[in-house]
>>> print(open('work.txt').read())   # compact mmCIF, C-alpha atoms
# COMPACT_ATOMS: atom_id res chain seq x y z
CA MET A 1 -160.98 -160.96 44.11
CA GLN A 2 -160.45 -160.07 40.46
CA SER A 3 -164.21 -160.14 39.86
CA THR A 4 -164.73 -157.73 42.76
CA ASN A 5 -162.10 -155.34 41.35
CA ASP A 6 -163.70 -155.50 37.89
CA SER A 7 -167.13 -154.75 39.34
CA ALA A 8 -165.74 -151.80 41.29
CA PHE A 9 -164.07 -150.42 38.16
CA ILE A 10 -167.26 -150.81 36.11
CA GLN A 11 -169.28 -149.05 38.79
CA LYS A 12 -166.81 -146.16 39.01
CA PHE A 13 -166.72 -145.85 35.23
CA ALA A 14 -170.51 -145.88 35.07
CA ASP A 15 -170.75 -143.23 37.80
CA PHE A 16 -168.21 -141.03 36.00
CA ALA A 17 -170.03 -141.38 32.65
CA ALA A 18 -173.38 -140.59 34.27
CA LYS A 19 -171.94 -137.45 35.89
CA LEU A 20 -170.39 -136.42 32.57
CA GLY A 21 -173.72 -136.87 30.80
CA ASN A 22 -175.47 -134.68 33.37
CA GLN A 23 -172.82 -131.97 33.30
CA MET A 24 -174.72 -128.74 32.77
CA TYR A 25 -172.93 -127.40 29.70
CA LEU A 26 -172.62 -130.75 27.91
CA LYS A 27 -176.29 -131.42 28.54
CA THR A 28 -177.09 -127.98 27.14
CA LEU A 29 -175.07 -128.73 24.00
CA ARG A 30 -176.88 -132.03 23.53
CA ASP A 31 -180.30 -130.42 23.98
CA ALA A 32 -179.49 -127.47 21.72
CA PHE A 33 -178.25 -129.51 18.77
CA ALA A 34 -181.18 -131.91 19.10
CA THR A 35 -183.53 -128.91 18.96
CA ILE A 36 -181.94 -127.28 15.93
CA MET A 37 -181.25 -130.50 13.98
CA PRO A 38 -184.45 -130.27 11.82
CA LEU A 39 -183.21 -126.98 10.35
CA TYR A 40 -179.90 -128.53 9.30
CA ILE A 41 -181.71 -131.47 7.74
CA LEU A 42 -183.94 -129.05 5.83
CA ALA A 43 -180.85 -127.19 4.60
CA GLY A 44 -179.36 -130.46 3.39
CA ILE A 45 -182.54 -131.35 1.53
CA ALA A 46 -182.65 -127.90 -0.10
CA VAL A 47 -179.04 -128.20 -1.28
CA LEU A 48 -179.66 -131.73 -2.53
CA LEU A 49 -182.70 -130.62 -4.54
CA ASN A 50 -180.94 -127.54 -5.92
CA ASN A 51 -177.88 -129.41 -7.12
CA THR A 52 -179.35 -132.71 -8.28
CA VAL A 53 -183.11 -133.16 -8.69
CA PHE A 54 -183.87 -129.67 -9.98
CA THR A 55 -181.01 -129.84 -12.50
CA TRP A 56 -182.49 -133.07 -13.90
CA ILE A 57 -185.93 -131.54 -14.39
CA PHE A 58 -185.44 -127.85 -15.15
CA SER A 59 -183.08 -125.64 -17.15
CA GLY A 60 -182.48 -121.96 -17.93
CA ASP A 61 -184.60 -119.36 -16.15
CA MET A 62 -186.94 -121.99 -14.73
CA LEU A 63 -184.01 -123.73 -13.03
CA ALA A 64 -182.87 -120.41 -11.56
CA ASN A 65 -186.38 -119.74 -10.26
CA VAL A 66 -186.80 -123.06 -8.47
CA GLN A 67 -183.26 -122.86 -7.12
CA TYR A 68 -184.14 -119.44 -5.69
CA TRP A 69 -186.65 -121.27 -3.46
CA GLY A 70 -183.91 -123.62 -2.28
CA ASN A 71 -181.50 -120.75 -1.69
CA LEU A 72 -184.03 -119.01 0.55
CA LEU A 73 -184.26 -122.15 2.69
CA ILE A 74 -180.46 -122.34 2.89
CA ASN A 75 -180.25 -118.67 3.90
CA GLY A 76 -182.84 -119.15 6.66
CA THR A 77 -181.18 -122.24 8.12
CA LEU A 78 -177.58 -123.04 7.25
CA ASN A 79 -176.36 -119.51 6.54
CA ILE A 80 -177.50 -118.23 9.96
CA SER A 81 -176.65 -121.41 11.87
CA GLY A 82 -174.21 -119.63 14.18
CA LEU A 83 -176.85 -117.09 15.19
CA LEU A 84 -179.48 -119.79 15.64
CA ILE A 85 -177.30 -122.02 17.80
CA ALA A 86 -176.43 -119.11 20.09
CA ALA A 87 -180.11 -118.42 20.74
CA VAL A 88 -180.97 -122.09 21.27
CA ILE A 89 -177.95 -122.53 23.56
CA GLY A 90 -179.19 -119.60 25.65
CA TYR A 91 -182.67 -121.07 25.86
CA CYS A 92 -181.55 -124.62 26.72
CA LEU A 93 -179.06 -123.45 29.34
CA ALA A 94 -181.80 -121.41 31.01
CA ILE A 95 -184.10 -124.45 31.01
CA ASN A 96 -181.39 -126.65 32.51
CA ARG A 97 -180.66 -123.96 35.10
CA GLU A 98 -184.41 -123.85 35.83
CA TYR A 99 -184.41 -120.13 35.12
CA ASP A 100 -187.95 -118.78 34.85
CA ASN A 101 -187.42 -116.61 31.75
CA PRO A 102 -185.64 -118.78 29.15
CA LEU A 103 -186.88 -116.74 26.19
CA SER A 104 -185.04 -113.65 27.45
CA SER A 105 -181.90 -115.80 27.79
CA ALA A 106 -182.17 -116.76 24.11
CA VAL A 107 -182.51 -113.08 23.15
CA VAL A 108 -179.49 -112.09 25.25
CA ALA A 109 -177.35 -114.89 23.79
CA MET A 110 -178.24 -113.94 20.22
CA ALA A 111 -177.69 -110.24 20.86
CA SER A 112 -174.33 -110.96 22.51
CA LEU A 113 -173.13 -112.88 19.46
CA VAL A 114 -174.08 -110.02 17.13
CA ILE A 115 -172.29 -107.56 19.42
CA MET A 116 -169.15 -109.69 19.15
CA MET A 117 -169.14 -109.50 15.36
CA PRO A 118 -166.90 -106.97 13.57
CA ALA A 119 -168.49 -103.59 12.82
CA THR A 120 -166.68 -103.37 9.48
CA VAL A 121 -166.30 -106.26 7.05
CA GLU A 122 -164.55 -106.77 3.74
CA LEU A 123 -166.92 -107.75 0.93
CA THR A 124 -166.50 -108.49 -2.76
CA SER A 125 -169.17 -107.29 -5.19
CA VAL A 126 -170.44 -109.22 -8.22
CA ASN A 127 -167.94 -107.19 -10.27
CA GLU A 128 -165.17 -108.65 -8.07
CA VAL A 129 -164.45 -105.30 -6.45
CA THR A 130 -163.38 -105.67 -2.82
CA ASP A 131 -164.06 -102.92 -0.30
CA GLN A 132 -164.76 -102.31 3.39
CA PHE A 133 -168.38 -101.99 4.48
CA SER A 134 -170.05 -101.18 7.79
CA GLY A 135 -173.59 -101.80 8.96
CA VAL A 136 -173.86 -105.26 7.38
CA LEU A 137 -173.96 -108.81 8.75
CA PRO A 138 -172.60 -111.18 6.09
CA PHE A 139 -173.57 -114.83 6.14
CA SER A 140 -169.90 -115.65 6.69
CA ASN A 141 -170.22 -114.23 10.21
CA LEU A 142 -173.68 -115.68 10.87
CA GLY A 143 -173.39 -119.17 9.43
CA THR A 144 -171.18 -122.22 9.82
CA GLY A 145 -168.05 -120.17 10.51
CA ALA A 146 -169.66 -118.71 13.62
CA MET A 147 -171.19 -121.89 15.04
CA PHE A 148 -168.48 -122.55 17.61
CA ALA A 149 -168.45 -118.87 18.53
CA GLY A 150 -172.22 -119.09 18.94
CA ILE A 151 -171.78 -121.97 21.36
CA ILE A 152 -169.13 -120.26 23.48
CA VAL A 153 -170.73 -116.80 23.48
CA GLY A 154 -174.14 -118.34 24.14
CA LEU A 155 -172.88 -120.27 27.15
CA ILE A 156 -170.79 -117.47 28.67
CA PHE A 157 -173.20 -114.56 28.36
CA THR A 158 -176.29 -116.59 29.19
CA GLU A 159 -174.56 -117.80 32.33
CA LEU A 160 -173.60 -114.22 33.20
CA TYR A 161 -177.14 -113.00 32.55
CA ILE A 162 -178.75 -115.71 34.68
CA ARG A 163 -176.37 -115.00 37.58
CA LEU A 164 -177.06 -111.26 37.40
CA SER A 165 -180.79 -111.94 37.28
CA SER A 166 -180.55 -113.75 40.59
CA VAL A 167 -179.29 -110.58 42.31
CA LYS A 168 -182.33 -109.17 44.06
CA ALA A 169 -181.00 -105.60 44.06
CA LEU A 170 -180.97 -105.58 40.23
CA LYS A 171 -184.65 -106.46 39.88
CA ILE A 172 -187.34 -103.88 39.12
CA ASN A 173 -190.68 -104.86 40.61
CA LEU A 174 -193.65 -103.01 39.11
CA GLY A 175 -196.19 -104.75 41.32
CA GLY A 176 -199.04 -107.01 40.37
CA GLN A 177 -201.11 -104.47 38.45
CA VAL A 178 -199.16 -104.74 35.18
CA PRO A 179 -199.34 -107.50 32.56
CA PRO A 180 -196.99 -110.44 33.27
CA ALA A 181 -195.00 -109.90 30.06
CA VAL A 182 -194.31 -106.28 31.00
CA SER A 183 -193.42 -107.24 34.57
CA LYS A 184 -190.95 -109.86 33.39
CA SER A 185 -189.32 -107.43 30.97
CA PHE A 186 -188.69 -104.81 33.64
CA ASN A 187 -187.62 -107.48 36.11
CA VAL A 188 -184.64 -108.37 33.90
CA LEU A 189 -184.03 -104.91 32.44
CA ILE A 190 -180.90 -104.13 34.47
CA PRO A 191 -179.34 -107.64 34.07
CA VAL A 192 -179.90 -107.43 30.30
CA MET A 193 -178.31 -103.99 30.14
CA ILE A 194 -175.29 -105.05 32.19
CA THR A 195 -174.76 -108.29 30.25
CA LEU A 196 -174.93 -106.66 26.82
CA GLY A 197 -172.89 -103.72 28.06
CA ILE A 198 -170.11 -106.11 29.12
CA ALA A 199 -170.32 -107.88 25.77
CA ALA A 200 -169.97 -104.54 23.97
CA LEU A 201 -167.02 -103.57 26.18
CA VAL A 202 -165.21 -106.84 25.41
CA SER A 203 -165.88 -106.42 21.69
CA THR A 204 -164.64 -102.80 21.80
CA ILE A 205 -161.40 -103.78 23.54
CA PHE A 206 -160.66 -106.45 20.94
CA ALA A 207 -161.42 -104.05 18.07
CA VAL A 208 -159.55 -100.99 19.40
CA ALA A 209 -156.61 -102.61 21.16
CA PHE A 210 -155.99 -105.64 18.96
CA GLY A 211 -157.72 -104.86 15.66
CA THR A 212 -159.72 -108.07 15.69
CA ASP A 213 -162.94 -109.54 17.04
CA LEU A 214 -163.87 -112.41 19.34
CA ILE A 215 -165.57 -114.41 16.55
CA THR A 216 -162.34 -114.50 14.54
CA LEU A 217 -160.27 -115.42 17.59
CA ILE A 218 -162.59 -118.25 18.62
CA THR A 219 -162.72 -119.61 15.08
CA THR A 220 -158.96 -119.39 14.55
CA PHE A 221 -157.61 -120.56 17.89
CA ILE A 222 -160.36 -122.79 19.30
CA GLN A 223 -162.83 -124.02 16.70
CA GLU A 224 -160.45 -125.02 13.92
CA PRO A 225 -157.76 -126.76 16.05
CA LEU A 226 -160.36 -128.61 18.13
CA ARG A 227 -162.39 -129.61 15.10
CA HIS A 228 -159.38 -130.84 13.14
CA VAL A 229 -158.27 -132.99 16.08
CA GLY A 230 -161.72 -134.17 17.16
CA THR A 231 -162.95 -134.92 13.65
CA SER A 232 -159.76 -136.45 12.31
CA ILE A 233 -160.07 -140.13 11.49
CA TRP A 234 -158.30 -141.11 14.72
CA GLY A 235 -160.19 -138.58 16.82
CA VAL A 236 -163.55 -139.86 15.57
CA ILE A 237 -162.55 -143.50 16.06
CA ILE A 238 -161.52 -142.87 19.66
CA LEU A 239 -164.51 -140.73 20.65
CA TYR A 240 -167.09 -142.82 18.79
CA THR A 241 -165.69 -146.06 20.22
CA LEU A 242 -165.72 -144.57 23.70
CA GLY A 243 -169.36 -143.60 23.20
CA ASN A 244 -170.29 -147.12 22.08
CA LEU A 245 -168.31 -148.54 24.99
CA LEU A 246 -170.74 -146.84 27.35
CA TRP A 247 -173.58 -148.95 25.94
CA LEU A 248 -171.82 -152.06 27.26
CA PHE A 249 -172.39 -150.64 30.72
CA GLY A 250 -176.00 -149.66 30.03
CA ILE A 251 -175.22 -145.96 29.58
CA HIS A 252 -176.47 -144.14 26.48
CA GLN A 253 -173.64 -143.31 24.09
CA SER A 254 -175.01 -139.78 23.68
CA VAL A 255 -173.07 -138.91 26.85
CA ILE A 256 -169.96 -138.81 24.66
CA TYR A 257 -171.30 -138.63 21.11
CA SER A 258 -174.08 -136.05 21.32
CA SER A 259 -172.30 -133.79 23.80
CA ILE A 260 -168.71 -133.81 22.50
CA LEU A 261 -168.34 -135.33 19.04
CA GLU A 262 -171.62 -134.58 17.27
CA PRO A 263 -171.41 -130.75 17.50
CA LEU A 264 -168.03 -130.86 15.75
CA LEU A 265 -169.31 -133.30 13.13
CA ILE A 266 -172.35 -131.09 12.49
CA ILE A 267 -170.09 -128.09 11.86
CA ASN A 268 -168.24 -130.23 9.31
CA ILE A 269 -171.36 -131.32 7.43
CA ASN A 270 -172.70 -127.76 7.45
CA GLU A 271 -169.47 -126.60 5.82
CA ASN A 272 -169.85 -129.36 3.24
CA ILE A 273 -173.45 -128.37 2.53
CA ALA A 274 -172.44 -124.73 2.06
CA ALA A 275 -169.54 -125.68 -0.23
CA TYR A 276 -171.77 -128.03 -2.25
CA ALA A 277 -174.40 -125.32 -2.64
CA ALA A 278 -171.73 -122.89 -3.86
CA GLY A 279 -170.16 -125.41 -6.26
CA GLN A 280 -166.89 -125.42 -4.29
CA THR A 281 -164.58 -128.26 -3.25
CA ILE A 282 -166.01 -130.29 -0.37
CA PRO A 283 -163.73 -129.64 2.64
CA ASN A 284 -164.54 -132.42 5.14
CA ILE A 285 -164.58 -136.18 4.63
CA ILE A 286 -165.39 -136.87 8.28
CA ASN A 287 -168.79 -135.44 9.23
CA VAL A 288 -171.99 -136.44 10.98
CA SER A 289 -173.62 -137.96 7.89
CA GLN A 290 -170.54 -140.04 7.11
CA VAL A 291 -170.37 -141.40 10.65
CA THR A 292 -174.08 -142.22 10.96
CA SER A 293 -174.44 -143.60 7.41
CA PHE A 294 -171.47 -145.96 7.61
CA GLY A 295 -170.89 -146.46 11.35
CA LEU A 296 -174.53 -146.70 12.47
CA LEU A 297 -176.02 -149.55 10.44
CA GLY A 298 -179.12 -150.40 12.42
CA GLY A 299 -178.12 -148.30 15.43
CA SER A 300 -175.14 -148.08 17.78
CA GLY A 301 -172.74 -150.93 17.20
CA SER A 302 -174.16 -151.44 13.68
CA THR A 303 -176.51 -154.04 15.15
CA LEU A 304 -178.35 -154.58 11.87
CA CYS A 305 -175.33 -156.73 11.03
CA LEU A 306 -175.89 -158.63 14.29
CA LEU A 307 -179.55 -159.26 13.49
CA ILE A 308 -178.77 -160.65 10.04
CA ALA A 309 -175.91 -162.73 11.45
CA THR A 310 -178.32 -164.14 14.03
CA PHE A 311 -180.75 -165.20 11.31
CA ILE A 312 -177.89 -166.91 9.44
CA VAL A 313 -175.99 -168.77 12.19
CA GLY A 314 -177.90 -168.17 15.43
CA ARG A 315 -179.38 -171.27 17.05
CA ASN A 316 -180.56 -169.89 20.37
CA ALA A 317 -184.36 -169.53 20.35
CA ALA A 318 -184.38 -166.48 22.64
CA THR A 319 -181.90 -164.42 20.62
CA ARG A 320 -183.60 -165.37 17.35
CA ASN A 321 -186.91 -164.18 18.77
CA VAL A 322 -185.30 -160.91 19.82
CA ALA A 323 -183.84 -160.56 16.32
CA LYS A 324 -187.28 -161.10 14.75
CA LEU A 325 -188.82 -158.43 16.96
CA SER A 326 -185.92 -156.03 16.41
CA ILE A 327 -185.49 -156.19 12.65
CA ALA A 328 -188.27 -153.69 11.83
CA PRO A 329 -187.05 -150.87 14.11
CA GLY A 330 -183.45 -151.86 13.27
CA LEU A 331 -184.01 -150.95 9.64
CA PHE A 332 -184.54 -147.38 10.87
CA ASN A 333 -181.48 -147.48 13.18
CA ILE A 334 -183.51 -147.93 16.36
CA ASN A 335 -181.91 -150.72 18.35
CA GLU A 336 -182.87 -150.45 22.01
CA PRO A 337 -184.64 -153.85 21.76
CA VAL A 338 -181.32 -155.40 20.70
CA LEU A 339 -179.24 -153.56 23.27
CA PHE A 340 -181.36 -154.65 26.21
CA GLY A 341 -183.08 -157.74 24.81
CA TYR A 342 -180.31 -159.66 23.06
CA PRO A 343 -178.59 -158.25 25.19
CA ILE A 344 -175.54 -156.15 24.33
CA VAL A 345 -175.45 -154.48 27.75
CA TYR A 346 -173.03 -156.32 30.07
CA ASN A 347 -172.56 -159.05 27.45
CA ILE A 348 -168.84 -159.62 27.03
CA SER A 349 -169.49 -162.01 24.13
CA MET A 350 -170.72 -159.12 21.98
CA ALA A 351 -168.27 -156.43 23.12
CA ILE A 352 -165.65 -156.90 20.40
CA PRO A 353 -167.90 -156.75 17.30
CA PHE A 354 -170.06 -154.05 18.87
CA LEU A 355 -166.99 -151.79 19.06
CA VAL A 356 -165.14 -152.98 15.94
CA VAL A 357 -167.87 -153.00 13.27
CA PRO A 358 -168.73 -149.24 13.50
CA VAL A 359 -165.02 -148.37 13.30
CA MET A 360 -164.65 -150.64 10.28
CA GLY A 361 -167.52 -148.84 8.53
CA ILE A 362 -166.10 -145.39 9.25
CA VAL A 363 -162.61 -146.37 8.06
CA ILE A 364 -163.82 -148.05 4.85
CA SER A 365 -166.02 -145.09 3.90
CA TYR A 366 -163.16 -142.70 4.73
CA LEU A 367 -160.74 -144.62 2.50
CA ALA A 368 -163.32 -144.94 -0.28
CA THR A 369 -163.84 -141.17 -0.23
CA THR A 370 -160.13 -140.30 -0.16
CA MET A 371 -159.52 -142.70 -3.07
CA GLY A 372 -162.30 -141.11 -5.12
CA LEU A 373 -164.45 -144.26 -5.09
CA MET A 374 -167.44 -142.30 -3.81
CA ASN A 375 -168.42 -138.70 -3.19
CA PRO A 376 -168.04 -137.13 0.26
CA CYS A 377 -171.21 -136.61 2.27
CA VAL A 378 -172.85 -133.30 1.38
CA SER A 379 -176.30 -133.64 2.94
CA LEU A 380 -177.46 -134.07 6.50
CA VAL A 381 -179.83 -137.04 6.42
CA PRO A 382 -181.96 -138.02 9.45
CA TRP A 383 -180.24 -140.75 11.47
CA THR A 384 -183.35 -142.90 11.08
CA THR A 385 -182.87 -143.13 7.30
CA PRO A 386 -182.55 -146.83 6.34
CA VAL A 387 -179.24 -148.35 5.26
CA LEU A 388 -178.37 -147.97 1.53
CA LEU A 389 -180.83 -145.08 1.15
CA SER A 390 -178.88 -143.05 3.73
CA GLY A 391 -175.58 -143.42 1.88
CA PHE A 392 -177.23 -142.55 -1.44
CA LEU A 393 -178.82 -139.36 -0.12
CA ALA A 394 -175.91 -138.26 2.10
CA THR A 395 -173.46 -138.28 -0.80
CA GLY A 396 -175.63 -136.26 -3.16
CA MET A 397 -177.21 -139.35 -4.75
CA ASP A 398 -173.97 -141.15 -5.54
CA TRP A 399 -174.83 -144.80 -6.31
CA ARG A 400 -171.27 -145.83 -5.46
CA ALA A 401 -171.93 -144.98 -1.82
CA VAL A 402 -174.66 -147.64 -1.83
CA ILE A 403 -172.07 -150.22 -2.92
CA VAL A 404 -169.71 -149.09 -0.15
CA GLN A 405 -172.51 -149.33 2.40
CA LEU A 406 -173.38 -152.80 1.14
CA ILE A 407 -169.74 -153.89 1.51
CA VAL A 408 -169.67 -152.52 5.07
CA LEU A 409 -172.93 -154.34 5.85
CA VAL A 410 -171.65 -157.69 4.53
CA LEU A 411 -168.31 -157.38 6.34
CA GLY A 412 -170.13 -156.43 9.52
CA ILE A 413 -172.29 -159.56 9.25
CA LEU A 414 -169.19 -161.70 8.76
CA ILE A 415 -167.52 -160.14 11.81
CA TYR A 416 -170.59 -160.67 13.99
CA MET A 417 -171.19 -164.30 12.92
CA PRO A 418 -168.51 -166.05 15.05
CA PHE A 419 -169.50 -163.99 18.07
CA VAL A 420 -173.14 -164.99 17.61
CA LYS A 421 -171.97 -168.61 17.83
CA ILE A 422 -169.91 -167.81 20.92
CA ASN A 423 -172.89 -166.09 22.51
CA ASP A 424 -175.09 -169.13 21.74
CA ALA A 425 -172.52 -171.40 23.40
CA VAL A 426 -172.37 -169.18 26.48
CA LEU A 427 -176.17 -169.11 26.76
CA ALA A 428 -176.34 -172.90 26.37
CA LYS A 429 -173.74 -173.38 29.08
CA GLN A 430 -175.57 -170.97 31.39
CA ALA A 431 -178.81 -172.87 30.79
CA VAL A 432 -177.15 -176.16 31.81
CA GLU A 433 -175.68 -174.57 34.92
CA ASP A 434 -179.06 -173.12 35.84
CA ASP A 435 -180.65 -176.58 35.47
CA ASP A 436 -177.97 -178.06 37.71
CA ASP A 437 -178.59 -175.36 40.31
CA ASP A 438 -182.31 -176.09 40.21
CA ASP A 439 -181.64 -179.80 40.75
CA ASP A 440 -179.39 -179.03 43.70
CA ASP A 441 -182.07 -176.81 45.22
CA VAL A 442 -184.67 -179.58 44.93
CA PHE A 443 -182.26 -182.10 46.48
CA ASN A 444 -181.48 -179.79 49.40
CA LEU A 445 -185.17 -179.21 50.06
CA ASP A 446 -185.68 -182.94 50.39
>>> encode(input="work.txt", output="structure tokens")
Amino acid sequence: MQSTNDSAFIQKFADFAAKLGNQMYLKTLRDAFATIMPLYILAGIAVLLNNTVFTWIFSGDMLANVQYWGNLLINGTLNISGLLIAAVIGYCLAINREYDNPLSSAVVAMASLVIMMPATVELTSVNEVTDQFSGVLPFSNLGTGAMFAGIIVGLIFTELYIRLSSVKALKINLGGQVPPAVSKSFNVLIPVMITLGIAALVSTIFAVAFGTDLITLITTFIQEPLRHVGTSIWGVIILYTLGNLLWLFGIHQSVIYSSILEPLLIININENIAAYAAGQTIPNIINVSQVTSFGLLGGSGSTLCLLIATFIVGRNAATRNVAKLSIAPGLFNINEPVLFGYPIVYNISMAIPFLVVPVMGIVISYLATTMGLMNPCVSLVPWTTPVLLSGFLATGMDWRAVIVQLIVLVLGILIYMPFVKINDAVLAKQAVEDDDDDDDDVFNLD
């Protein structure tokens, strides 16, 4: 009876997680951040080169010249990240809605975000003179500070635009004698005008009636509170553990991680990159590079530790063979062969270390950073970067991060080792029971 109840719970949980992963807006977030990720990685590389490698090689005017190249890359990626994410959100939402003109959705989303920005901004000149200026778009309104606003504005006004575009009365049909691009433009002319007109009306009301703008309100009352809760040490532990828990039921952890947690962590690392580039204090210990570099050793569940533990104490031939086949991709944090071959999925013997080891890595790196034993992460490294190298690059080439990663790796191996033995014992017992069942079947046939 208990087994039946457990199976029913697992099935309901799996159904809920699958529905959550396919939820339109969460799926759009996951797709959008996956699309734009290369730009953030490039920004991290540019900052890393500007502040470390270039300073080792060049000096004086030559250093300023090569850093100018890096600054241009930062301006074209990180410093307009809010504007970029709005456009990509619009495009991805249109694709997921199966709307036939996703490019126009991207344009509308980007235009809506610009409309929501304040018409007058306060700027400080190089002579430290502060004044009000109009007709400018500072990076502070286009970059990391506007990322959450870009997400919300992109979702809302793209959704409005797509719904208006479905109203037949608002379409302008020029017939089949005009080029397709022209026909599509006129077909959405009225929906575009209405959508952007509404955006301008909302922005005007906030400016005239309340003396503020939607970007500031979203950043102050939504982005910052949500980010501070979601990317606190406890928030990350809960959400990341919940994501890894899904793997135990055969559901990809991106349902939770990529849709909910990762966007917040990316905002944090982008702020760190910007602060590092400007020579300012690094604001966020918890960020996407910190989580992946110290809580993703070999993939979800830090299964590189499991593979090494298997080589040390594992005696089951099947799991050792899986470990041999999985070690090469595992070095690059690709661990599907382990998850489904070892297996981790529906394997209660591996549940505890699979959930505990990533948390241990995140906590140790967090404490090491707060205690000044290593630098905070200031570069967005690809998640496929091998262990030890990832910590070194993510922290601005701090060798102490390599030591911390090595400690996490060794402790993870030690945690996995007893559970490898337990798993071997379970597999051996199951093999004996299977042999007994086969003998019984032969006897019954006779």
>>> residues_around(input="work.txt", residues="A:Ser390", least_positions_apart="5", cutoff="9 Å", atoms="only C-alpha atoms", output="list in words")
Ser289, Thr292, Ser293, Phe294, Val381, Pro382, Trp383, Thr384, Thr385, Thr395 and Val402 of chain A
>>> closest_residue(input="work.txt", among="A:Leu142, A:Leu246, A:Leu137, A:Leu63", to="A:Leu84", atoms="only C-alpha atoms")
A:Leu142
>>> closest_residue(input="work.txt", among="A:Ile251, A:Leu72, A:Val363, A:Leu164", to="A:Ile194", atoms="only C-alpha atoms")
A:Leu164
>>> atom_distance(input="work.txt", atom1="atom CA of A:Ile95", atom2="atom CA of A:Leu155")
12.6 Å
>>> residues_around(input="work.txt", residues="A:Pro138", least_positions_apart="4", cutoff="12 Å", atoms="all atoms listed in the file", output="list in words")
Asn75, Asn79, Ile80, Gly82, Leu83, Val114, Met117, Pro118, Ala119, Thr120, Val121, Glu122, Leu123, Thr124, Phe133, Ser134, Leu142, Gly143, Thr144, Gly145 and Ala146 of chain A
>>> residues_around(input="work.txt", residues="stretch 295-310 of chain A", least_positions_apart="6", cutoff="6 Å", atoms="all atoms listed in the file", output="number ranges by chain")
A: 323, 330-331, 333-335, 354, 358, 361-362, 412-413, 416-417
>>> axis_aligned_box(input="work.txt", around="stretch 272-283 of chain A", padding_each_side="4 Å", output="lines of an AutoDock Vina configuration file")
center_x = -169.1
center_y = -126.6
center_z = -1.5
size_x = 18.7
size_y = 15.4
size_z = 17.5
>>> residues_near_point(input="work.txt", point="(-168.0, -132.7, 20.8)", cutoff="12 Å", atoms="all atoms listed in the file", output="PyMOL selection string")
chain A and resi 25-27+29-30+33+148+151+223+226-231+235-236+239-240+243+254-268+287-288
>>> atom_distance(input="work.txt", atom1="atom CA of A:Val88", atom2="atom CA of A:Phe157")
12.9 Å
>>> atom_distance(input="work.txt", atom1="atom CA of A:Asn423", atom2="atom CA of A:Ile407")
24.5 Å
>>> closest_residue(input="work.txt", among="A:Ile74, A:Ile286, A:Ser112, A:Thr219", to="A:Ser232", atoms="all atoms listed in the file")
A:Ile286
>>> closest_residue(input="work.txt", among="A:Gly197, A:Pro353, A:Gly135, A:Gly44", to="A:Gly396", atoms="all atoms listed in the file")
A:Gly44
>>> residues_around(input="work.txt", residues="A:Asn347", least_positions_apart="5", cutoff="12 Å", atoms="only C-alpha atoms", output="PyMOL selection string")
chain A and resi 245+247-250+338-342+352-354+419-420+422-424+426-427
>>> closest_residue(input="work.txt", among="A:Asn375, A:Ile273, A:Val432, A:Asp100", to="A:Asn51", atoms="all atoms listed in the file")
A:Ile273
